[in-house]
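Below is one structure, written out as structure tokens, with a few remarks after it.
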Amino acid sequence: MATVKTFVSHLECSLTGKRYAKGTLQTLSEAGKPLLVKYDLEALAKHVNKQVIKDSNKNGFWRYENFLPVTKSENQVTLGEVVTPLITLNHSCEALGASSGNVIVKDEGRLPTGSFKARGLCLAVSMAKELGVKHLAIPTNGNAGAAMAAYASHAGIKTTVFCPDDTPTVNIAEIKQQGGDVYLIDGLINDCGKIVAEGKDSVGWFDVSTLKEPYRIEGKKTMGMELAEQMNWQLPDVIFYPTGGGTGMIGMWKAFNELKTIGWLTGKLPRMVVVQAQTCAPIVRAWENKETSAVPWENARTVAAGIRVPAAIGDFLILQAVRESDGFAVAVSDDDIIQMRDNIAAGDGLLLCPEGAATAVAYKWALEQGWINKADTAVLYNCATGLKYPMTTSFKRLDQGMIDYGRF
Ligand SMILES: *Cc1c(COP(=O)(O)O)cnc(C)c1O
């Protein structure tokens with residue numbers, strides 16, 4: 001029963017600042033807004049230094065356990081997380097208009113269940129285990145449900161999952177195979193969310209919807225901490241993030257600010273860029289209209305299923321991160337996304353997911369429009385393995401008796 005040295009002081013409403021107790025099951029605040037986990041950063045900084053982190057023998061993001069809320073190591077559920085690699089685009093950078101070496105992909109597709117949803121759901125499941133929860137439920141476009149099913153099954157916790165009926169088959173199958181009780185719903189993710197919320201009292205499951213419990217953000221926070229450590233505590237000038245519910249955006253911005261508070265990061269933090277699809281861009285529209293929250297998007301659709309989120313409960317936090325970081329928000333077309341995915345896969349041997357490819361489209365646009373310049377170092381987040389998505393089905397055939405070797 002190893003105790004982890006943790007520094008959580010309390011939880012706090014992200015809108016009103018009202019304080020809530022740590023160590024008990026929490027959902028949204030009384031104001032109906034996400035709760036953020038707050039730490040005694042002064043005490044943390046006295047206990048941990050960069051060398052302690054560097055010397056950690058834990059898997060992947062569990063090396064940041066002192067910045068996380070799990071208090072006992074047996075509750076740190078693990079499926080063998082890795083530190084995801086940074087891959088510089090060599091051949092494709094010319095087509096992007098970029099200077100060589102300045103466009104770097106953080107490939108989150110290497111995590112368990114093939115997406116960065118592993119970070120958030122691993123933490124949510126670990127805290128559920130710590131707090132004695134027996135049954136979890138989640139609405140999902142695919143990747144979150146798969147990550148939750150995998151981690152919850154590993155931890156011996158029951159999982160019920162609802163997804164839109166046009167979710168790619170591979171995601172639905174993955175959820176089921178990893179022990180999730182999965183249902184297809186004739187609606188979008190928000191409709192699935194309603195079912196989870198309404199069933200809470202009668203079924204007794206715990207709602208793990210994006211930002212409706214406090215710990216998925218803490219998991220996504222590790223994405224920012226890991227980037228900082230990998231880049232030797234010198235962050236890039238700009239980060240392009242495919243934004244759906246915004247957990248990653250909010251989590252990374254939280255990480256950078258915590259690290260700045262304890263003096264591990266100095267100087268200007270990266271500009272945070274929201275990337276959405278033109279056919280589902282509520283945050284981009286709100287940013288363009290200089291609003292502090294977003295109006296739900298009607299008729300949302302896009303090939304980038306992970307960012308098909310018409311309404312995000314943390315909209316004001318996403319917009320806050322963009323504003324505070326002097327960032328911006330860009331919407332890109334599905335056609336450009338697929339073209340970009342194909343070009344980068346062929347040019348650099350890196351098969352991005354459509355959401356990841358969207359960030360490269362946004363980078364190219366931002367450079368052309370003068371939002372960023374060539375000298376800026378940019379990190380693009382590829383959030384899932386490209387293997388989970390439909391790929392080309394047009395292949396060449398040869399008749400084995402009649403091969404003309406001149407054609408190769
Ligand atoms: C969930 C998801 C996103 C969006 O992430 P948020 O942090 O919720 O905004 C982007 N891409 C993929 C592949 C996803 O699964």
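Identifiers in the structure tokens: chain A, B, ... in order shown; residue index from 1 per chain; ligand index from 1 in order shown.
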- Near-ligand residues for ligand 1, threshold 10 Å, only C-alpha atoms and all ligand atoms, as a ChimeraX atom specification: /A:108-109,114-118,120,140-147,210-211,216-217,220,241-252,274-276,304-309,312,314,318,352-358,381-386,388-389
- Message: Please identify the alpha helix (DSSP H) residues within region 101-144 of chain A (assignment by DSSP from backbone atoms) and present them as a PyMOL selection string.
- Response: chain A and resi 117-130+143-144
- Item | Of the listed residues A:Lys212, A:Lys46, A:Lys374, A:Lys5, that which approaches Glu94 (chain A) most closely, counting only C-alpha atoms |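 That would be A:Lys374, the residue with the smallest distance to Glu94 (chain A).
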- When you draw a straight line from CA of Tyr215 (chain A) to CA of Phe61 (chain A), how long is it in Å? 14.0 Å
- Item | Option closest in space to Lys194 (chain A), from A:Ile138, A:Val82, A:Met127, A:Ala173 [counting only C-alpha atoms] | A:Ile138
- Item | For Asp336 (chain A): contacts at 8 Å, only C-alpha atoms, fewer than 3 positions along chain excluded, given as JSON, numbers by chain | {"A": [332, 333, 339, 340, 358, 361]}
The selected residues should be written to file as an mmCIF file, in the first residue's frame (atoms: N, CA, C and O atoms).
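Listing of selection_5.cif after writing:
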data_model
loop_
_atom_site.group_PDB
_atom_site.id
_atom_site.type_symbol
_atom_site.label_atom_id
_atom_site.label_comp_id
_atom_site.auth_asym_id
_atom_site.auth_seq_id
_atom_site.Cartn_x
_atom_site.Cartn_y
_atom_site.Cartn_z
ATOM 1 N N VAL A 332 -11.268 24.485 -40.436
ATOM 2 C CA VAL A 332 -10.734 23.953 -41.702
ATOM 3 C C VAL A 332 -11.748 23.001 -42.332
ATOM 4 O O VAL A 332 -12.629 22.483 -41.647
ATOM 5 N N SER A 333 -11.612 22.777 -43.647
ATOM 6 C CA SER A 333 -12.619 21.961 -44.343
ATOM 7 C C SER A 333 -12.250 20.472 -44.319
ATOM 8 O O SER A 333 -11.080 20.109 -44.246
ATOM 9 N N GLN A 339 -7.030 15.538 -47.625
ATOM 10 C CA GLN A 339 -5.891 15.761 -48.523
ATOM 11 C C GLN A 339 -4.589 15.865 -47.717
ATOM 12 O O GLN A 339 -3.573 15.256 -48.058
ATOM 13 N N MET A 340 -4.642 16.598 -46.630
ATOM 14 C CA MET A 340 -3.456 16.795 -45.787
ATOM 15 C C MET A 340 -3.023 15.473 -45.148
ATOM 16 O O MET A 340 -1.845 15.144 -45.090
ATOM 17 N N ALA A 358 -6.034 18.011 -39.334
ATOM 18 C CA ALA A 358 -6.679 19.338 -39.296
ATOM 19 C C ALA A 358 -5.714 20.392 -38.745
ATOM 20 O O ALA A 358 -5.713 21.543 -39.195
ATOM 21 N N VAL A 361 -3.460 21.582 -41.517
ATOM 22 C CA VAL A 361 -4.178 22.507 -42.407
ATOM 23 C C VAL A 361 -4.223 23.896 -41.754
ATOM 24 O O VAL A 361 -3.972 24.918 -42.400
#
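Rounded to one decimal, CA of Leu68 (chain A) and CA of Asp55 (chain A) lie 17.3 Å from each other.
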Per residue of region 129-226 of chain A within 10 Å of region 232-235 of chain A, record the nearest atom pair and its distance in Å to one decimal, counting only C-alpha atoms, with rows in chain order and ascending residue number, as JSON lines.
{"residue": "A:Gly224", "atom": "CA", "partner": "A:Leu235", "partner_atom": "CA", "distance": 9.3}
{"residue": "A:Met225", "atom": "CA", "partner": "A:Trp233", "partner_atom": "CA", "distance": 8.9}
{"residue": "A:Glu226", "atom": "CA", "partner": "A:Trp233", "partner_atom": "CA", "distance": 9.4}
Could you save the residues just selected, with C-alpha atoms, as a PDB file, in the first residue's frame?
ATOM      1  CA  GLY A 224       1.468  19.607 -21.394  1.00  0.00           C
ATOM      2  CA  MET A 225       3.876  18.462 -18.683  1.00  0.00           C
ATOM      3  CA  GLU A 226       5.272  15.766 -20.928  1.00  0.00           C
TER       4      GLU A 226
END
- Note on the structure: Taken to one decimal, the CA of Ala152 (chain A)-CA of Leu44 (chain A) distance is 29.1 Å
- Task: Would you mind writing down, as a PyMOL selection string, each residue of region 89-182 of chain A that DSSP on the backbone assigns to strand (DSSP E or B)?
- Result: chain A and resi 103-107+115+135-139+158-164+181-182
Can you spit out the residues from that selection as a PDB file, in the first residue's frame, using C-alpha atoms?
ATOM      1  CA  VAL A 103       6.873  21.783 -37.437  1.00  0.00           C
ATOM      2  CA  ILE A 104       6.762  19.006 -34.886  1.00  0.00           C
ATOM      3  CA  VAL A 105       4.017  16.435 -34.381  1.00  0.00           C
ATOM      4  CA  LYS A 106       3.355  15.040 -30.927  1.00  0.00           C
ATOM      5  CA  ASP A 107       2.013  11.618 -31.786  1.00  0.00           C
ATOM      6  CA  SER A 115      -5.636   7.851 -28.616  1.00  0.00           C
ATOM      7  CA  HIS A 135     -20.100   1.531 -12.394  1.00  0.00           C
ATOM      8  CA  LEU A 136     -19.103   4.221 -14.919  1.00  0.00           C
ATOM      9  CA  ALA A 137     -21.086   5.629 -17.871  1.00  0.00           C
ATOM     10  CA  ILE A 138     -19.975   7.858 -20.732  1.00  0.00           C
ATOM     11  CA  PRO A 139     -21.206   9.436 -23.984  1.00  0.00           C
ATOM     12  CA  LYS A 158     -18.294  -1.900 -14.883  1.00  0.00           C
ATOM     13  CA  THR A 159     -18.724   0.384 -17.915  1.00  0.00           C
ATOM     14  CA  THR A 160     -21.765   1.511 -19.936  1.00  0.00           C
ATOM     15  CA  VAL A 161     -21.125   3.471 -23.139  1.00  0.00           C
ATOM     16  CA  PHE A 162     -23.432   5.419 -25.489  1.00  0.00           C
ATOM     17  CA  CYS A 163     -22.321   6.571 -28.927  1.00  0.00           C
ATOM     18  CA  PRO A 164     -23.942   8.143 -32.013  1.00  0.00           C
ATOM     19  CA  ASP A 181     -21.534  -2.467 -22.540  1.00  0.00           C
ATOM     20  CA  VAL A 182     -22.018  -0.276 -25.638  1.00  0.00           C
TER      21      VAL A 182
END
With only C-alpha atoms counted and 10 Å as the cut-off, give the residues of region 76-127 of chain A in contact with region 362-367 of chain A, each with its shortest interatomic distance in Å and the pair that gives it, as CSV.
residue,atom,partner,partner_atom,distance
A:Cys93,CA,A:Lys364,CA,9.3
A:Ala95,CA,A:Lys364,CA,8.4
A:Leu96,CA,A:Lys364,CA,5.0
A:Gly97,CA,A:Lys364,CA,6.7
A:Ala98,CA,A:Lys364,CA,7.9
A:Val103,CA,A:Tyr363,CA,8.9
